[in-house]
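structure27.txt follows (compact mmCIF, C-alpha atoms (C1' of nucleotides)):
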# COMPACT_ATOMS: atom_id res chain seq x y z
CA MET A 1 42.04 -64.87 67.31
CA ARG A 2 43.17 -66.03 63.91
CA THR A 3 41.58 -66.10 60.49
CA GLU A 4 42.24 -68.34 57.56
CA VAL A 5 40.60 -68.58 54.17
CA ILE A 6 40.34 -71.71 52.08
CA TYR A 7 38.85 -72.28 48.67
CA ALA A 8 35.79 -74.50 48.58
CA LYS A 9 35.84 -75.66 45.02
CA PRO A 10 32.59 -77.66 45.06
CA LEU A 11 30.77 -74.55 46.22
CA GLY A 12 32.52 -72.06 44.01
CA CYS A 13 33.29 -69.83 46.93
CA CYS A 14 35.69 -69.47 49.79
CA LEU A 15 35.34 -70.20 53.46
CA LYS A 16 36.74 -67.96 56.14
CA ILE A 17 37.55 -69.69 59.37
CA LYS A 18 37.91 -67.79 62.63
CA GLY A 19 39.01 -69.04 65.99
CA GLY A 20 41.37 -68.93 68.91
CA GLU A 21 41.65 -71.89 71.22
CA LYS A 22 38.44 -73.12 69.68
CA ILE A 23 36.67 -72.46 66.42
CA VAL A 24 34.34 -69.52 66.60
CA SER A 25 32.95 -69.13 63.13
CA THR A 26 33.04 -70.13 59.51
CA GLU A 27 31.74 -67.79 56.88
CA PHE A 28 31.09 -68.08 53.17
CA VAL A 29 32.80 -65.46 51.10
CA PRO A 30 31.98 -65.14 47.43
CA LEU A 31 34.65 -65.16 44.75
CA LYS A 32 35.26 -61.69 43.49
CA HIS A 33 37.93 -62.58 41.02
CA LYS A 34 38.36 -65.28 38.50
CA LEU A 35 39.73 -68.51 39.71
CA GLY A 36 43.50 -68.56 39.52
CA LYS A 37 43.91 -64.88 40.09
CA ILE A 38 42.79 -65.08 43.63
CA ASP A 39 45.23 -64.93 46.47
CA LEU A 40 44.69 -67.86 48.74
CA PRO A 41 46.79 -69.70 51.27
CA SER A 42 48.41 -72.57 49.45
CA TRP A 43 47.84 -76.14 50.45
CA GLU A 44 51.33 -76.50 51.77
CA HIS A 45 51.02 -73.36 53.76
CA THR A 46 47.85 -74.65 55.32
CA VAL A 47 48.98 -78.17 55.88
CA HIS A 48 52.34 -77.43 57.37
CA ARG A 49 51.09 -74.77 59.63
CA SER A 50 51.14 -76.03 63.14
CA CYS A 51 48.43 -77.01 65.42
CA ASP A 52 46.09 -74.28 66.50
CA SER A 53 42.40 -74.94 66.03
CA VAL A 54 42.04 -72.83 62.93
CA ALA A 55 44.78 -74.64 61.09
CA ALA A 56 43.42 -77.99 62.22
CA VAL A 57 39.93 -77.27 60.98
CA SER A 58 41.25 -75.81 57.76
CA ARG A 59 43.00 -79.10 57.09
CA GLU A 60 39.81 -81.00 57.75
CA LEU A 61 37.79 -78.67 55.59
CA ILE A 62 40.21 -79.02 52.72
CA ARG A 63 39.85 -82.78 52.97
CA TYR A 64 36.09 -82.36 53.16
CA PHE A 65 35.92 -80.25 50.02
CA GLY A 66 38.30 -82.68 48.38
CA GLY A 67 35.55 -85.26 48.67
CA GLU A 68 36.65 -87.22 51.71
CA ILE A 69 34.15 -88.30 54.34
CA VAL A 70 35.03 -86.03 57.19
CA ASP A 71 33.14 -85.62 60.43
CA PHE A 72 34.45 -82.74 62.42
CA SER A 73 34.00 -84.57 65.69
CA SER A 74 37.51 -83.87 66.90
CA CYS A 75 37.31 -80.15 66.39
CA GLU A 76 36.25 -78.04 69.31
CA VAL A 77 33.84 -75.22 68.76
CA LYS A 78 32.89 -72.23 70.84
CA LEU A 79 29.24 -71.30 70.78
CA GLY A 80 29.23 -67.82 72.22
CA SER A 81 26.20 -65.63 72.82
CA LEU A 82 23.70 -68.34 72.09
CA THR A 83 20.89 -69.50 74.33
CA ILE A 84 20.84 -72.91 75.97
CA PHE A 85 18.16 -74.03 73.59
CA GLU A 86 20.10 -72.93 70.54
CA LYS A 87 23.20 -74.68 71.77
CA ARG A 88 21.25 -77.85 72.30
CA VAL A 89 19.93 -77.73 68.77
CA LEU A 90 23.37 -77.13 67.30
CA GLU A 91 25.07 -79.81 69.39
CA LYS A 92 22.45 -82.27 68.23
CA THR A 93 22.93 -81.15 64.66
CA ARG A 94 26.63 -81.94 64.99
CA GLU A 95 25.74 -85.59 65.49
CA ILE A 96 24.15 -85.92 62.07
CA ARG A 97 26.46 -88.10 60.03
CA TYR A 98 27.93 -87.34 56.64
CA GLY A 99 25.37 -87.69 53.88
CA GLN A 100 22.53 -88.25 56.30
CA ARG A 101 19.50 -85.98 56.31
CA LEU A 102 17.06 -85.10 59.04
CA THR A 103 13.88 -83.07 58.81
CA TYR A 104 13.25 -80.15 61.13
CA LEU A 105 10.52 -82.28 62.62
CA GLU A 106 12.85 -85.19 63.34
CA LEU A 107 15.50 -82.95 64.82
CA ALA A 108 12.89 -81.33 67.03
CA GLY A 109 11.94 -84.81 68.16
CA LEU A 110 15.52 -85.57 69.14
CA ILE A 111 15.74 -82.33 71.06
CA GLY A 112 12.44 -83.13 72.72
CA THR A 113 10.37 -80.16 71.66
CA ASN A 114 7.43 -79.47 69.43
CA GLY A 115 8.81 -76.10 68.51
CA ILE A 116 9.77 -76.95 65.00
CA ARG A 117 10.08 -73.38 63.91
CA ALA A 118 12.15 -72.65 66.96
CA VAL A 119 14.54 -75.34 65.78
CA GLY A 120 14.75 -73.64 62.42
CA ASN A 121 15.47 -70.38 64.15
CA ALA A 122 18.28 -71.93 66.13
CA LEU A 123 19.80 -73.40 62.98
CA ALA A 124 19.61 -70.01 61.34
CA LYS A 125 21.98 -68.74 63.98
CA ASN A 126 24.60 -71.41 63.40
CA PRO A 127 27.89 -69.50 63.49
CA ILE A 128 29.89 -72.45 62.15
CA PRO A 129 28.30 -73.91 59.03
CA ILE A 130 29.87 -77.05 57.47
CA VAL A 131 31.57 -77.92 60.74
CA ILE A 132 28.15 -77.90 62.31
CA PRO A 133 26.27 -79.42 59.38
CA CYS A 134 23.02 -77.54 59.53
CA HIS A 135 22.66 -78.07 55.78
CA ARG A 136 21.68 -81.67 56.54
CA VAL A 137 18.46 -80.53 58.13
CA VAL A 138 15.76 -80.22 55.51
CA ALA A 139 12.05 -79.59 55.36
CA LYS A 140 9.71 -82.54 55.31
CA ASN A 141 8.54 -81.66 51.82
CA GLY A 142 11.28 -79.67 50.20
CA ILE A 143 14.68 -78.42 51.13
CA GLY A 144 14.03 -75.74 53.70
CA GLY A 145 16.10 -72.64 54.15
CA TYR A 146 19.75 -71.88 54.53
CA SER A 147 21.50 -68.83 55.84
CA GLY A 148 24.18 -69.05 53.19
CA GLY A 149 21.53 -69.33 50.48
CA VAL A 150 19.49 -72.32 49.42
CA GLU A 151 21.64 -72.89 46.34
CA LEU A 152 24.62 -73.47 48.57
CA LYS A 153 22.62 -75.91 50.63
CA LYS A 154 21.65 -77.85 47.52
CA LYS A 155 25.24 -77.97 46.36
CA LEU A 156 26.39 -79.29 49.71
CA LEU A 157 23.76 -82.01 49.79
CA ARG A 158 24.44 -83.06 46.22
CA PHE A 159 28.15 -83.06 46.92
CA GLU A 160 27.81 -85.30 49.93
CA THR A 161 25.46 -87.79 48.35
CA ALA A 162 27.67 -87.97 45.29
CA ASN A 163 30.66 -88.80 47.46
CA MET A 164 28.68 -91.42 49.31
CA GLN A 165 27.73 -93.04 46.02
CA MET A 166 31.34 -92.92 44.95
CA LEU A 167 32.30 -94.76 48.08
CA LYS A 168 29.76 -97.50 47.48
CA GLY A 169 30.51 -98.03 43.83
C1' DA B 1 2.90 -58.20 75.27
C1' DG B 2 3.65 -58.49 70.46
C1' DC B 3 5.96 -60.13 66.40
C1' DA B 4 8.58 -62.95 63.19
C1' DG B 5 10.99 -67.05 61.94
C1' DG B 6 15.53 -72.04 57.73
C1' DT B 7 8.05 -75.44 59.74
C1' DT B 8 4.15 -78.36 59.79
C1' DT B 9 -0.54 -79.67 59.35
C1' DA B 10 -5.28 -79.27 58.19
C1' DG B 11 -8.86 -77.44 55.37
C1' DC B 12 -10.71 -76.13 50.94
C1' DG B 13 -10.99 -75.38 46.10
C1' DC C 1 -2.26 -81.23 43.92
C1' DG C 2 -1.66 -76.22 45.12
C1' DC C 3 -2.85 -72.47 48.19
C1' DT C 4 -4.07 -70.38 52.64
C1' DA C 5 -4.55 -70.21 57.60
C1' DA C 6 -3.53 -71.53 62.05
C1' DA C 7 -0.78 -73.80 65.52
C1' DC C 8 3.64 -74.81 67.61
C1' DC C 9 7.94 -72.75 70.46
C1' DT C 10 11.72 -69.52 71.10
C1' DG C 11 14.06 -65.08 71.07
C1' DC C 12 14.12 -60.10 70.35
C1' DT C 13 11.96 -55.35 70.97
Can you dump the structure from the file as structure tokens?
Amino acid sequence: MRTEVIYAKPLGCCLKIKGGEKIVSTEFVPLKHKLGKIDLPSWEHTVHRSCDSVAAVSRELIRYFGGEIVDFSSCEVKLGSLTIFEKRVLEKTREIRYGQRLTYLELAGLIGTNGIRAVGNALAKNPIPIVIPCHRVVAKNGIGGYSGGVELKKKLLRFETANMQMLKG
DNA sequence: AGCAGGTTTAGCG
DNA sequence: CGCTAAACCTGCT
């Protein structure tokens, strides 16, 4: 299993990516030092690194945080130790397109359950945020919760909509 | 069994 | 409107 850390500028934090054959987790790690003094893998290092899943997803994530419209459809994820229901919720969540938003209610509808809170619970266990875009699932009136903190969720949503607008205009 | 959770809806002031 | 209570389903103890 390998780990790589990239800097997510729009979020003001870093992202730690773990995986072997498939991606296992992504994790937000706060900046402890001032920008510029932090020791991060350089772009070149990341880009030229060959083709295990971690490197591949790192590349995609760097593009994503650079403002490109990236869906992580090609990247394979491993959902270990989750129930069938939770996997179903997360797989469905993966289908939400860039910039699009769904309410917990709507997502529950797609899954085919009335257990809206159960859907929220499943999302809370998402081991691979960003790649599995659980931040695109919001409350009907409001934003809803986020394991990484609601502020992060807001930033992500703003970031994506801004990039969509950019693309239009 | 009982409880809590990234919600939703209805009911009431 | 804003607040509270109850209902929904799933997972953990």
Quiz item: Do you know which residues are at most 9 Å from stretch 3-12 of chain C counting all atoms listed in the file, after dropping those on the same chain fewer than 3 positions away, and could you put them as a PyMOL selection string?
Solution: (chain A and resi 83+85+113-119+121-122) or (chain B and resi 8-13)
Practice problem: Measuring atom to atom with only C-alpha atoms (C1' of nucleotides), identify which of A:Leu31, A:Ile17, A:Val70, A:Ile84 is nearest to chain C. | Solution: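 Closest residue, counting only C-alpha atoms (C1' of nucleotides): A:Ile84.
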Put the listed atoms of chain C in a box along x, y and z with 5 Å added on every side and give me the centre and edge lengths in Å to one decimal, as AutoDock Vina command-line options.
--center_x 4.8 --center_y -68.3 --center_z 57.5 --size_x 28.7 --size_y 35.9 --size_z 37.2
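Here is the contact set of chain B against chain A, at 7 Å and counting only C-alpha atoms (C1' of nucleotides): DG5, DG6 and DT7 of chain B.
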Practice problem: Tell me, in Å to one decimal, how far atom C1' of B:DG2 is from atom CA of A:Ser81. | Solution: 23.8 Å
Reconstruct N, CA, C and O atoms of stretch 156-169 of chain A; output as a short mmCIF file (atom, residue, chain, number, x, y, z; two decimals), keeping the file's coordinate frame.
data_model
loop_
_atom_site.label_atom_id
_atom_site.label_comp_id
_atom_site.auth_asym_id
_atom_site.auth_seq_id
_atom_site.Cartn_x
_atom_site.Cartn_y
_atom_site.Cartn_z
N LEU A 156 25.78 -78.49 48.64
CA LEU A 156 26.39 -79.29 49.71
C LEU A 156 25.77 -80.67 49.78
O LEU A 156 26.47 -81.68 49.90
N LEU A 157 24.44 -80.73 49.69
CA LEU A 157 23.76 -82.01 49.79
C LEU A 157 24.09 -82.90 48.59
O LEU A 157 24.34 -84.10 48.74
N ARG A 158 24.09 -82.30 47.42
CA ARG A 158 24.44 -83.06 46.22
C ARG A 158 25.87 -83.59 46.33
O ARG A 158 26.15 -84.74 46.01
N PHE A 159 26.74 -82.71 46.78
CA PHE A 159 28.15 -83.06 46.92
C PHE A 159 28.32 -84.26 47.84
O PHE A 159 29.00 -85.23 47.51
N GLU A 160 27.65 -84.22 48.96
CA GLU A 160 27.81 -85.30 49.93
C GLU A 160 27.22 -86.61 49.43
O GLU A 160 27.83 -87.68 49.58
N THR A 161 26.05 -86.53 48.84
CA THR A 161 25.46 -87.79 48.35
C THR A 161 26.29 -88.37 47.21
O THR A 161 26.46 -89.58 47.12
N ALA A 162 26.81 -87.48 46.38
CA ALA A 162 27.67 -87.97 45.29
C ALA A 162 28.88 -88.70 45.85
O ALA A 162 29.25 -89.78 45.36
N ASN A 163 29.48 -88.15 46.88
CA ASN A 163 30.66 -88.80 47.46
C ASN A 163 30.32 -90.11 48.15
O ASN A 163 31.12 -91.04 48.17
N MET A 164 29.11 -90.17 48.71
CA MET A 164 28.68 -91.42 49.31
C MET A 164 28.53 -92.50 48.24
O MET A 164 28.95 -93.64 48.42
N GLN A 165 27.91 -92.10 47.13
CA GLN A 165 27.73 -93.04 46.02
C GLN A 165 29.09 -93.54 45.52
O GLN A 165 29.28 -94.72 45.28
N MET A 166 29.99 -92.60 45.40
CA MET A 166 31.34 -92.92 44.95
C MET A 166 31.96 -93.98 45.83
O MET A 166 32.61 -94.90 45.36
N LEU A 167 31.71 -93.85 47.12
CA LEU A 167 32.30 -94.76 48.08
C LEU A 167 31.71 -96.16 47.92
O LEU A 167 32.42 -97.17 48.01
N LYS A 168 30.42 -96.20 47.67
CA LYS A 168 29.76 -97.50 47.48
C LYS A 168 30.27 -98.18 46.22
O LYS A 168 30.68 -99.32 46.24
N GLY A 169 30.19 -97.43 45.11
CA GLY A 169 30.51 -98.03 43.83
C GLY A 169 31.98 -98.13 43.62
O GLY A 169 32.69 -99.01 43.78
#
